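Quick look at coords_37.pdb (PDB, C-alpha atoms, pLDDT in the B column):
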```pdb
ATOM      1  CA  MET A   1     118.137 -12.066  13.357  1.00 86.00           C
ATOM      2  CA  LYS A   2     115.589  -9.951  15.246  1.00 89.00           C
ATOM      3  CA  ILE A   3     114.054 -11.030  18.550  1.00 90.00           C
ATOM      4  CA  ASN A   4     111.920  -8.718  20.701  1.00 88.00           C
ATOM      5  CA  ARG A   5     108.567  -8.696  22.487  1.00 84.00           C
ATOM      6  CA  LYS A   6     106.714  -8.441  19.144  1.00 88.00           C
ATOM      7  CA  VAL A   7     108.740 -10.340  16.572  1.00 90.00           C
ATOM      8  CA  LEU A   8     110.597 -13.639  16.206  1.00 91.00           C
ATOM      9  CA  SER A   9     112.778 -13.437  13.091  1.00 90.00           C
ATOM     10  CA  ILE A  10     115.583 -15.962  12.497  1.00 91.00           C
ATOM     11  CA  PRO A  11     116.259 -16.133   8.722  1.00 88.00           C
ATOM     12  CA  PRO A  12     116.038 -18.313   6.785  1.00 89.00           C
ATOM     13  CA  HIS A  13     113.997 -20.456   9.189  1.00 90.00           C
ATOM     14  CA  ILE A  14     111.206 -18.253  10.554  1.00 91.00           C
ATOM     15  CA  SER A  15     109.952 -14.677  10.695  1.00 89.00           C
ATOM     16  CA  THR A  16     106.591 -14.061  12.339  1.00 92.00           C
ATOM     17  CA  SER A  17     104.734 -12.247  15.109  1.00 91.00           C
ATOM     18  CA  TRP A  18     104.728 -13.864  18.566  1.00 90.00           C
ATOM     19  CA  LYS A  19     100.934 -14.073  18.400  1.00 90.00           C
ATOM     20  CA  ASN A  20     101.366 -16.790  15.763  1.00 91.00           C
ATOM     21  CA  VAL A  21     103.593 -18.897  18.050  1.00 91.00           C
ATOM     22  CA  ALA A  22     101.858 -21.577  20.140  1.00 90.00           C
ATOM     23  CA  SER A  23     104.871 -22.950  22.025  1.00 91.00           C
ATOM     24  CA  LEU A  24     108.670 -23.350  22.146  1.00 92.00           C
ATOM     25  CA  HIS A  25     110.888 -26.205  23.279  1.00 92.00           C
ATOM     26  CA  ILE A  26     114.465 -27.452  22.909  1.00 91.00           C
ATOM     27  CA  GLN A  27     115.225 -30.758  21.203  1.00 90.00           C
ATOM     28  CA  ASN A  28     118.614 -32.497  21.478  1.00 89.00           C
ATOM     29  CA  GLU A  29     119.857 -34.347  18.407  1.00 85.00           C
ATOM     30  CA  GLY A  30     123.337 -35.826  18.519  1.00 82.00           C
ATOM     31  CA  GLY A  31     124.392 -33.423  21.261  1.00 83.00           C
ATOM     32  CA  GLU A  32     123.124 -30.386  19.307  1.00 89.00           C
ATOM     33  CA  LYS A  33     120.371 -28.163  20.708  1.00 90.00           C
ATOM     34  CA  ILE A  34     117.592 -27.433  18.212  1.00 92.00           C
ATOM     35  CA  LEU A  35     114.908 -24.817  18.855  1.00 93.00           C
ATOM     36  CA  VAL A  36     111.485 -26.222  17.925  1.00 93.00           C
ATOM     37  CA  VAL A  37     108.785 -23.605  17.265  1.00 93.00           C
ATOM     38  CA  THR A  38     105.162 -24.785  17.086  1.00 93.00           C
ATOM     39  CA  LEU A  39     102.859 -22.278  15.355  1.00 92.00           C
ATOM     40  CA  GLU A  40      99.148 -21.701  15.948  1.00 90.00           C
ATOM     41  CA  ASN A  41      98.389 -23.400  12.599  1.00 91.00           C
ATOM     42  CA  GLU A  42     100.193 -26.517  13.965  1.00 89.00           C
ATOM     43  CA  SER A  43     103.195 -26.066  11.662  1.00 90.00           C
ATOM     44  CA  ILE A  44     106.511 -27.023  13.273  1.00 93.00           C
ATOM     45  CA  ILE A  45     109.704 -25.085  12.529  1.00 92.00           C
ATOM     46  CA  GLU A  46     113.120 -26.404  13.601  1.00 92.00           C
ATOM     47  CA  VAL A  47     115.918 -23.854  14.079  1.00 92.00           C
ATOM     48  CA  PRO A  48     119.414 -25.351  14.544  1.00 91.00           C
ATOM     49  CA  ASN A  49     122.815 -23.826  15.334  1.00 88.00           C
ATOM     50  CA  LEU A  50     121.662 -21.234  17.902  1.00 90.00           C
ATOM     51  CA  THR A  51     123.973 -20.269  20.745  1.00 90.00           C
ATOM     52  CA  ASP A  52     122.874 -20.643  24.357  1.00 90.00           C
ATOM     53  CA  ALA A  53     122.649 -16.844  24.573  1.00 91.00           C
ATOM     54  CA  SER A  54     120.334 -16.702  21.538  1.00 90.00           C
ATOM     55  CA  LEU A  55     118.143 -19.488  22.929  1.00 91.00           C
ATOM     56  CA  LYS A  56     117.843 -17.611  26.224  1.00 92.00           C
ATOM     57  CA  GLU A  57     116.917 -14.439  24.339  1.00 92.00           C
ATOM     58  CA  VAL A  58     114.176 -16.263  22.403  1.00 91.00           C
ATOM     59  CA  PHE A  59     112.543 -17.727  25.522  1.00 92.00           C
ATOM     60  CA  GLU A  60     112.761 -14.432  27.433  1.00 91.00           C
ATOM     61  CA  ALA A  61     111.106 -12.549  24.571  1.00 90.00           C
ATOM     62  CA  HIS A  62     108.293 -15.116  24.380  1.00 90.00           C
ATOM     63  CA  THR A  63     107.761 -14.888  28.153  1.00 89.00           C
ATOM     64  CA  LYS A  64     107.489 -11.078  27.974  1.00 88.00           C
ATOM     65  CA  PHE A  65     104.944 -11.374  25.163  1.00 89.00           C
ATOM     66  CA  LEU A  66     102.807 -13.782  27.218  1.00 87.00           C
ATOM     67  CA  GLU A  67     103.024 -11.607  30.338  1.00 86.00           C
ATOM     68  CA  GLN A  68     102.081  -8.529  28.344  1.00 84.00           C
ATOM     69  CA  GLY A  69      99.004 -10.341  26.997  1.00 76.00           C
ATOM     70  CA  GLU A  70      97.894 -11.310  30.517  1.00 69.00           C
ATOM     71  CA  GLU A  71      98.357  -7.733  31.782  1.00 65.00           C
ATOM     72  CA  SER A  72      96.358  -6.336  28.860  1.00 63.00           C
ATOM     73  CA  SER A  73      93.539  -8.803  29.550  1.00 62.00           C
ATOM     74  CA  VAL A  74      93.347  -7.783  33.226  1.00 61.00           C
ATOM     75  CA  GLU A  75      93.473  -4.070  32.327  1.00 64.00           C
ATOM     76  CA  ASN A  76      90.659  -4.456  29.778  1.00 63.00           C
ATOM     77  CA  LYS A  77      88.450  -6.149  32.364  1.00 64.00           C
ATOM     78  CA  GLN A  78      89.153  -3.359  34.864  1.00 62.00           C
ATOM     79  CA  ASN A  79      88.335  -0.705  32.265  1.00 62.00           C
ATOM     80  CA  GLN A  80      85.087  -2.480  31.424  1.00 63.00           C
ATOM     81  CA  ASN A  81      84.105  -2.522  35.084  1.00 59.00           C
ATOM     82  CA  VAL A  82      84.866   1.206  35.433  1.00 53.00           C
ATOM     83  CA  THR A  83      82.869   1.996  32.291  1.00 51.00           C
ATOM     84  CA  GLN A  84      79.870   0.044  33.568  1.00 53.00           C
ATOM     85  CA  LYS A  85      79.940   1.832  36.946  1.00 47.00           C
ATOM     86  CA  THR A  86      80.636   5.394  35.691  1.00 44.00           C
ATOM     87  CA  PRO A  87      77.624   7.409  34.455  1.00 46.00           C
ATOM     88  CA  LEU A  88      77.955   8.594  30.876  1.00 40.00           C
ATOM     89  CA  GLN A  89      79.040  12.236  30.770  1.00 43.00           C
ATOM     90  CA  ASN A  90      78.405  14.754  28.023  1.00 46.00           C
ATOM     91  CA  PRO A  91      81.723  16.212  26.810  1.00 42.00           C
ATOM     92  CA  PHE A  92      79.812  18.720  24.712  1.00 43.00           C
ATOM     93  CA  ALA A  93      78.548  20.344  27.915  1.00 43.00           C
ATOM     94  CA  ILE A  94      80.122  23.782  28.271  1.00 38.00           C
ATOM     95  CA  ALA A  95      81.168  24.797  31.770  1.00 39.00           C
ATOM     96  CA  GLY A  96      79.075  27.598  33.258  1.00 41.00           C
ATOM     97  CA  ASP A  97      76.407  27.468  30.547  1.00 41.00           C
ATOM     98  CA  SER A  98      73.488  25.278  31.531  1.00 39.00           C
ATOM     99  CA  ASN A  99      71.631  26.256  28.363  1.00 40.00           C
ATOM    100  CA  VAL A 100      73.698  23.892  26.214  1.00 38.00           C
ATOM    101  CA  THR A 101      73.903  20.875  28.497  1.00 38.00           C
ATOM    102  CA  PHE A 102      71.540  17.923  28.309  1.00 36.00           C
ATOM    103  CA  GLY A 103      71.070  14.621  30.049  1.00 36.00           C
ATOM    104  CA  MET A 104      72.769  11.548  28.592  1.00 36.00           C
ATOM    105  CA  PRO A 105      72.050   9.068  27.220  1.00 37.00           C
ATOM    106  CA  PHE A 106      68.958   9.540  25.126  1.00 37.00           C
ATOM    107  CA  LYS A 107      67.664   7.816  22.002  1.00 42.00           C
ATOM    108  CA  MET A 108      67.121   8.901  18.426  1.00 42.00           C
ATOM    109  CA  ASP A 109      65.068   6.723  16.105  1.00 43.00           C
ATOM    110  CA  GLY A 110      67.356   4.681  13.848  1.00 42.00           C
ATOM    111  CA  LEU A 111      70.529   6.080  15.461  1.00 43.00           C
ATOM    112  CA  GLY A 112      70.745   4.131  18.705  1.00 42.00           C
ATOM    113  CA  ASN A 113      72.429   5.899  21.631  1.00 47.00           C
ATOM    114  CA  ILE A 114      73.543   9.386  20.610  1.00 51.00           C
ATOM    115  CA  GLY A 115      76.036   9.301  23.479  1.00 54.00           C
ATOM    116  CA  ASP A 116      78.201   7.141  21.206  1.00 52.00           C
ATOM    117  CA  PHE A 117      78.737  10.209  18.991  1.00 61.00           C
ATOM    118  CA  MET A 118      79.651  12.604  21.805  1.00 65.00           C
ATOM    119  CA  HIS A 119      83.303  11.780  22.466  1.00 75.00           C
ATOM    120  CA  HIS A 120      86.464  11.333  20.425  1.00 79.00           C
ATOM    121  CA  ASN A 121      87.536   7.680  20.061  1.00 83.00           C
ATOM    122  CA  GLN A 122      90.994   7.111  18.567  1.00 84.00           C
ATOM    123  CA  GLU A 123      90.254   3.376  18.186  1.00 84.00           C
ATOM    124  CA  GLN A 124      87.581   4.308  15.606  1.00 85.00           C
ATOM    125  CA  ALA A 125      89.814   6.780  13.744  1.00 84.00           C
ATOM    126  CA  ASN A 126      89.503   4.799  10.480  1.00 87.00           C
ATOM    127  CA  SER A 127      85.719   4.415  10.618  1.00 84.00           C
ATOM    128  CA  PRO A 128      83.813   4.667   7.322  1.00 87.00           C
ATOM    129  CA  ASP A 129      81.909   7.875   6.596  1.00 85.00           C
ATOM    130  CA  LEU A 130      78.533   8.051   8.338  1.00 82.00           C
ATOM    131  CA  PRO A 131      75.486   8.335   6.058  1.00 86.00           C
ATOM    132  CA  ASN A 132      74.602  11.941   5.270  1.00 84.00           C
ATOM    133  CA  ASP A 133      71.098  11.603   6.703  1.00 83.00           C
ATOM    134  CA  MET A 134      72.545  10.372  10.021  1.00 80.00           C
ATOM    135  CA  ILE A 135      74.967  13.317  10.187  1.00 77.00           C
ATOM    136  CA  GLU A 136      72.088  15.691   9.441  1.00 81.00           C
ATOM    137  CA  LYS A 137      69.902  14.235  12.208  1.00 80.00           C
ATOM    138  CA  ILE A 138      72.666  14.457  14.811  1.00 75.00           C
ATOM    139  CA  THR A 139      73.695  18.005  13.848  1.00 74.00           C
ATOM    140  CA  THR A 140      70.034  19.037  13.884  1.00 79.00           C
ATOM    141  CA  VAL A 141      69.773  17.906  17.504  1.00 76.00           C
ATOM    142  CA  GLY A 142      73.040  19.721  18.296  1.00 70.00           C
ATOM    143  CA  LYS A 143      71.753  22.952  16.789  1.00 73.00           C
ATOM    144  CA  ALA A 144      68.420  22.532  18.570  1.00 74.00           C
ATOM    145  CA  ILE A 145      70.193  22.627  21.939  1.00 70.00           C
ATOM    146  CA  GLY A 146      72.376  25.586  20.963  1.00 69.00           C
ATOM    147  CA  LEU A 147      75.681  23.914  20.129  1.00 64.00           C
ATOM    148  CA  ASP A 148      75.985  25.823  16.880  1.00 62.00           C
ATOM    149  CA  LYS A 149      76.065  29.070  18.877  1.00 66.00           C
ATOM    150  CA  GLN A 150      78.922  27.888  21.081  1.00 64.00           C
ATOM    151  CA  LEU A 151      81.307  26.528  18.417  1.00 62.00           C
ATOM    152  CA  GLU A 152      84.379  28.251  19.840  1.00 65.00           C
ATOM    153  CA  SER A 153      83.901  26.494  23.181  1.00 67.00           C
ATOM    154  CA  MET A 154      83.045  23.101  21.700  1.00 67.00           C
ATOM    155  CA  PRO A 155      85.678  20.345  21.277  1.00 71.00           C
ATOM    156  CA  LYS A 156      86.967  20.293  17.720  1.00 76.00           C
ATOM    157  CA  ALA A 157      87.592  17.211  15.598  1.00 80.00           C
ATOM    158  CA  GLU A 158      91.035  15.622  15.830  1.00 84.00           C
ATOM    159  CA  PRO A 159      93.112  16.008  12.628  1.00 81.00           C
ATOM    160  CA  HIS A 160      92.961  13.014  10.283  1.00 83.00           C
ATOM    161  CA  CYS A 161      90.444  11.212  12.572  1.00 86.00           C
ATOM    162  CA  ASN A 162      87.186   9.792  11.179  1.00 85.00           C
ATOM    163  CA  CYS A 163      85.560   8.510  14.370  1.00 85.00           C
ATOM    164  CA  PRO A 164      81.789   9.306  14.660  1.00 83.00           C
ATOM    165  CA  PHE A 165      82.428  12.206  17.087  1.00 81.00           C
ATOM    166  CA  CYS A 166      84.942  13.904  14.764  1.00 84.00           C
ATOM    167  CA  GLN A 167      82.613  13.507  11.784  1.00 84.00           C
ATOM    168  CA  VAL A 168      79.774  15.190  13.704  1.00 81.00           C
ATOM    169  CA  SER A 169      82.083  17.920  15.057  1.00 81.00           C
ATOM    170  CA  ARG A 170      83.292  18.768  11.536  1.00 83.00           C
ATOM    171  CA  ALA A 171      79.703  18.993  10.347  1.00 81.00           C
ATOM    172  CA  LEU A 172      78.848  21.467  13.134  1.00 77.00           C
ATOM    173  CA  HIS A 173      82.006  23.521  12.524  1.00 75.00           C
ATOM    174  CA  GLY A 174      81.679  23.339   8.749  1.00 73.00           C
ATOM    175  CA  ASP A 175      85.189  21.891   8.484  1.00 71.00           C
ATOM    176  CA  SER A 176      86.518  19.315   6.049  1.00 63.00           C
ATOM    177  CA  LYS A 177      88.646  16.322   6.955  1.00 61.00           C
ATOM    178  CA  GLU A 178      92.395  16.963   6.733  1.00 55.00           C
ATOM    179  CA  GLU A 179      94.403  14.627   4.582  1.00 50.00           C
ATOM    180  CA  ALA A 180      96.862  12.543   6.564  1.00 44.00           C
ATOM    181  CA  PRO A 181     100.544  13.263   5.811  1.00 46.00           C
ATOM    182  CA  ALA A 182     102.785  10.626   4.280  1.00 44.00           C
ATOM    183  CA  GLU A 183     103.554   7.919   6.781  1.00 49.00           C
ATOM    184  CA  SER A 184     107.013   7.956   8.328  1.00 49.00           C
ATOM    185  CA  PHE A 185     108.865   4.948   9.630  1.00 49.00           C
ATOM    186  CA  ASN A 186     108.359   4.249  13.336  1.00 58.00           C
ATOM    187  CA  PRO A 187     110.550   1.462  14.791  1.00 57.00           C
ATOM    188  CA  ASP A 188     108.054   0.922  17.653  1.00 61.00           C
ATOM    189  CA  GLU A 189     105.028   0.654  15.374  1.00 63.00           C
ATOM    190  CA  GLU A 190     103.128  -2.666  15.330  1.00 64.00           C
ATOM    191  CA  VAL A 191     104.176  -4.770  12.333  1.00 58.00           C
ATOM    192  CA  SER A 192     101.515  -6.612  10.329  1.00 60.00           C
ATOM    193  CA  ASP A 193     101.702 -10.338   9.600  1.00 57.00           C
ATOM    194  CA  ASP A 194     102.123  -9.628   5.858  1.00 53.00           C
ATOM    195  CA  GLU A 195     105.165  -7.415   6.541  1.00 51.00           C
ATOM    196  CA  LEU A 196     106.655 -10.092   8.759  1.00 51.00           C
ATOM    197  CA  SER A 197     106.225 -12.903   6.264  1.00 52.00           C
ATOM    198  CA  PHE A 198     109.471 -14.530   5.159  1.00 58.00           C
ATOM    199  CA  LYS A 199     109.693 -16.703   2.064  1.00 67.00           C
ATOM    200  CA  GLU A 200     111.690 -19.744   3.165  1.00 79.00           C
ATOM    201  CA  TRP A 201     111.526 -21.797  -0.064  1.00 85.00           C
ATOM    202  CA  ASP A 202     110.777 -21.271  -3.738  1.00 88.00           C
ATOM    203  CA  ILE A 203     108.492 -24.095  -4.873  1.00 89.00           C
ATOM    204  CA  LYS A 204     107.923 -25.044  -8.521  1.00 89.00           C
ATOM    205  CA  GLN A 205     105.877 -27.974  -9.767  1.00 87.00           C
ATOM    206  CA  MET A 206     107.856 -30.083 -12.266  1.00 85.00           C
ATOM    207  CA  GLY A 207     105.236 -32.727 -12.974  1.00 83.00           C
ATOM    208  CA  GLN A 208     102.450 -34.710 -11.390  1.00 83.00           C
ATOM    209  CA  ASP A 209     103.294 -35.006  -7.657  1.00 82.00           C
ATOM    210  CA  LEU A 210     106.868 -33.775  -8.339  1.00 86.00           C
ATOM    211  CA  TYR A 211     108.132 -30.438  -7.021  1.00 87.00           C
ATOM    212  CA  HIS A 212     111.407 -28.525  -7.160  1.00 89.00           C
ATOM    213  CA  VAL A 213     112.253 -26.738  -3.865  1.00 88.00           C
ATOM    214  CA  THR A 214     114.986 -24.068  -3.798  1.00 90.00           C
ATOM    215  CA  ASN A 215     116.395 -21.870  -1.046  1.00 87.00           C
ATOM    216  CA  PRO A 216     115.765 -18.252  -2.244  1.00 85.00           C
ATOM    217  CA  LEU A 217     118.892 -17.114  -0.386  1.00 85.00           C
ATOM    218  CA  ASP A 218     121.100 -19.827  -1.882  1.00 82.00           C
ATOM    219  CA  THR A 219     119.920 -21.225  -5.230  1.00 82.00           C
ATOM    220  CA  SER A 220     122.572 -23.965  -5.057  1.00 85.00           C
ATOM    221  CA  GLU A 221     120.521 -25.515  -2.255  1.00 87.00           C
ATOM    222  CA  SER A 222     117.707 -27.327  -4.053  1.00 88.00           C
ATOM    223  CA  TYR A 223     115.746 -30.550  -3.599  1.00 88.00           C
ATOM    224  CA  GLN A 224     113.202 -32.723  -5.362  1.00 88.00           C
ATOM    225  CA  VAL A 225     110.038 -33.519  -3.392  1.00 84.00           C
ATOM    226  CA  PHE A 226     107.661 -36.319  -4.427  1.00 85.00           C
ATOM    227  CA  LEU A 227     104.056 -36.382  -3.144  1.00 83.00           C
ATOM    228  CA  GLY A 228     103.023 -39.676  -4.677  1.00 77.00           C
ATOM    229  CA  GLU A 229     102.175 -42.906  -2.878  1.00 75.00           C
ATOM    230  CA  ASN A 230     105.510 -42.788  -1.054  1.00 77.00           C
ATOM    231  CA  LEU A 231     106.291 -39.266   0.154  1.00 80.00           C
ATOM    232  CA  GLY A 232     109.954 -38.393  -0.120  1.00 85.00           C
ATOM    233  CA  CYS A 233     112.647 -35.784  -0.610  1.00 88.00           C
ATOM    234  CA  THR A 234     116.102 -35.962  -2.130  1.00 87.00           C
ATOM    235  CA  CYS A 235     117.560 -34.541   1.090  1.00 85.00           C
ATOM    236  CA  GLY A 236     117.136 -38.047   2.517  1.00 83.00           C
ATOM    237  CA  HIS A 237     115.362 -37.004   5.728  1.00 83.00           C
ATOM    238  CA  LYS A 238     111.902 -38.149   6.728  1.00 79.00           C
ATOM    239  CA  ASN A 239     109.317 -35.412   7.370  1.00 81.00           C
ATOM    240  CA  CYS A 240     111.851 -32.739   6.338  1.00 87.00           C
ATOM    241  CA  GLU A 241     111.077 -29.020   6.087  1.00 87.00           C
ATOM    242  CA  HIS A 242     111.154 -29.198   2.271  1.00 84.00           C
ATOM    243  CA  LEU A 243     108.326 -31.724   2.280  1.00 82.00           C
ATOM    244  CA  LYS A 244     106.381 -29.626   4.795  1.00 86.00           C
ATOM    245  CA  ALA A 245     106.896 -26.505   2.700  1.00 85.00           C
ATOM    246  CA  VAL A 246     105.361 -28.179  -0.359  1.00 84.00           C
ATOM    247  CA  LEU A 247     102.455 -29.604   1.653  1.00 82.00           C
ATOM    248  CA  ASN A 248     101.727 -26.180   3.140  1.00 83.00           C
ATOM    249  CA  SER A 249     101.975 -24.325  -0.188  1.00 75.00           C
TER     250      SER A 249
END
```

What does the file become when written as structure tokens?
Amino acid sequence: MKINRKVLSIPPHISTSWKNVASLHIQNEGGEKILVVTLENESIIEVPNLTDASLKEVFEAHTKFLEQGEESSVENKQNQNVTQKTPLQNPFAIAGDSNVTFGMPFKMDGLGNIGDFMHHNQEQANSPDLPNDMIEKITTVGKAIGLDKQLESMPKAEPHCNCPFCQVSRALHGDSKEEAPAESFNPDEEVSDDELSFKEWDIKQMGQDLYHVTNPLDTSESYQVFLGENLGCTCGHKNCEHLKAVLNS
């Protein structure tokens, strides 16, 4: 079981990112507390047999995730306001040398605002390669204002980054893009939805409207689900998770 501000993982019932969780609530059945997780796709997962401490941990983690989302939203709005009020600066300007500075922004036909290419942007590190003719036009402007004569003082491209700025900087410096090293495991790195997916049931169609459902962690736990005129499962429960698993497959 793994519960933190990013992940809710309680095998064999559920393993997903908090962003896929719409709501949580506790349901009492025969004196037993059952955690009911409603997902954004309207699927409902019931998790029984959790201790009070585990239930508290689940709700606290979900609360932290929601609070973090609200803080990020407020911070983004503040950053947008600052960006709108702050004049665009030219990071290629070299201190003490007015010969290589120029007013920003200005336009180039077919390129939009060249100011977009004048600063490193880590969020665009995986951008596709710019067309060669676009690179040539931008570097031509850079050379026209003397940037090619001040290469040692100019900001260099960040290693392994392919944002527009770094592509232009490499072209001016005559550098090639460095290959990124093999990825190492980072426990704090964001986990994708595909990596978080957990296969709860193996489902095999046995005939028309008849399915065989097996627990992949315990093959002795298996059921027959019928999707004909009268929906049903050999577990004997109405609207059971085995029936839902087949319907969602």

- Which residue out of A:Ala125, A:Val21, A:Ala53, A:Ile203 has the minimum interatomic distance to Phe165 in chain A when all atoms listed in the file are used?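 Looking at the shortest contact to Phe165 in chain A, the residue is A:Ala125.
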
- Message: Using only C-alpha atoms, can you tell me which of A:Glu158, A:Asp52, A:Asp202, A:Glu136 comes closest to Lys33 in chain A?
- Response: A:Asp52

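Comparing the minimum interatomic distances between Ile44 in chain A and each of A:Cys233, A:Val246, A:Cys240, A:Ile138, counting all atoms listed in the file, we find that A:Cys240 sits nearest.
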
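Take the candidates A:Ile145, A:Leu55, A:Val37, A:Ile135 and check each one against Ser169 in chain A using all atoms listed in the file; the shortest distance goes to A:Ile135.
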
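The interatomic distance for the pair CA of Ala245 in chain A and CA of Lys204 in chain A works out to 11.4 Å.
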
Using only C-alpha atoms, which protein or nucleic acid residues come within 12 Å of Leu231 in chain A? Drop anything in the same chain fewer than 2 positions from it, and give the result as a PDB file with C-alpha atoms, in the frame of the given file.
```
ATOM      1  CA  ASP A 209     103.294 -35.006  -7.657  1.00 82.00           C
ATOM      2  CA  LEU A 210     106.868 -33.775  -8.339  1.00 86.00           C
ATOM      3  CA  TYR A 211     108.132 -30.438  -7.021  1.00 87.00           C
ATOM      4  CA  GLN A 224     113.202 -32.723  -5.362  1.00 88.00           C
ATOM      5  CA  VAL A 225     110.038 -33.519  -3.392  1.00 84.00           C
ATOM      6  CA  PHE A 226     107.661 -36.319  -4.427  1.00 85.00           C
ATOM      7  CA  LEU A 227     104.056 -36.382  -3.144  1.00 83.00           C
ATOM      8  CA  GLY A 228     103.023 -39.676  -4.677  1.00 77.00           C
ATOM      9  CA  GLU A 229     102.175 -42.906  -2.878  1.00 75.00           C
ATOM     10  CA  CYS A 233     112.647 -35.784  -0.610  1.00 88.00           C
ATOM     11  CA  THR A 234     116.102 -35.962  -2.130  1.00 87.00           C
ATOM     12  CA  GLY A 236     117.136 -38.047   2.517  1.00 83.00           C
ATOM     13  CA  HIS A 237     115.362 -37.004   5.728  1.00 83.00           C
ATOM     14  CA  LYS A 238     111.902 -38.149   6.728  1.00 79.00           C
ATOM     15  CA  ASN A 239     109.317 -35.412   7.370  1.00 81.00           C
ATOM     16  CA  CYS A 240     111.851 -32.739   6.338  1.00 87.00           C
ATOM     17  CA  HIS A 242     111.154 -29.198   2.271  1.00 84.00           C
ATOM     18  CA  LEU A 243     108.326 -31.724   2.280  1.00 82.00           C
ATOM     19  CA  LYS A 244     106.381 -29.626   4.795  1.00 86.00           C
ATOM     20  CA  VAL A 246     105.361 -28.179  -0.359  1.00 84.00           C
ATOM     21  CA  LEU A 247     102.455 -29.604   1.653  1.00 82.00           C
TER      22      LEU A 247
END
```

- Query: Once the PyMOL selection byres ((chain A and resi 58) around 12) has been applied to the shown file, what residues remain in the selection, as a VMD selection string?
  - Reply: chain A and resid 1 to 10 18 21 23 to 26 35 to 37 47 50 to 57 59 to 65

- Query: Which protein, DNA or RNA residues have an atom at most 10 Å from (74.4, 11.4, 10.6), counting only C-alpha atoms? List them as a list in words.
  - Reply: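 Answer for this query, in the requested form: Leu111, Phe117, Asp129, Leu130, Pro131, Asn132, Asp133, Met134, Ile135, Glu136, Lys137, Ile138, Thr139, Thr140, Pro164, Gln167, Val168 and Ala171 of chain A.
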
Can I get the selected residues back with C-alpha atoms, as a short mmCIF file (atom, residue, chain, number, x, y, z; two decimals), in the coordinates of the input?
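Once everything was written out, this is again22.cif:
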```cif
data_model
loop_
_atom_site.label_atom_id
_atom_site.label_comp_id
_atom_site.auth_asym_id
_atom_site.auth_seq_id
_atom_site.Cartn_x
_atom_site.Cartn_y
_atom_site.Cartn_z
CA LEU A 111 70.53 6.08 15.46
CA PHE A 117 78.74 10.21 18.99
CA ASP A 129 81.91 7.88 6.60
CA LEU A 130 78.53 8.05 8.34
CA PRO A 131 75.49 8.34 6.06
CA ASN A 132 74.60 11.94 5.27
CA ASP A 133 71.10 11.60 6.70
CA MET A 134 72.54 10.37 10.02
CA ILE A 135 74.97 13.32 10.19
CA GLU A 136 72.09 15.69 9.44
CA LYS A 137 69.90 14.24 12.21
CA ILE A 138 72.67 14.46 14.81
CA THR A 139 73.69 18.00 13.85
CA THR A 140 70.03 19.04 13.88
CA PRO A 164 81.79 9.31 14.66
CA GLN A 167 82.61 13.51 11.78
CA VAL A 168 79.77 15.19 13.70
CA ALA A 171 79.70 18.99 10.35
#
```
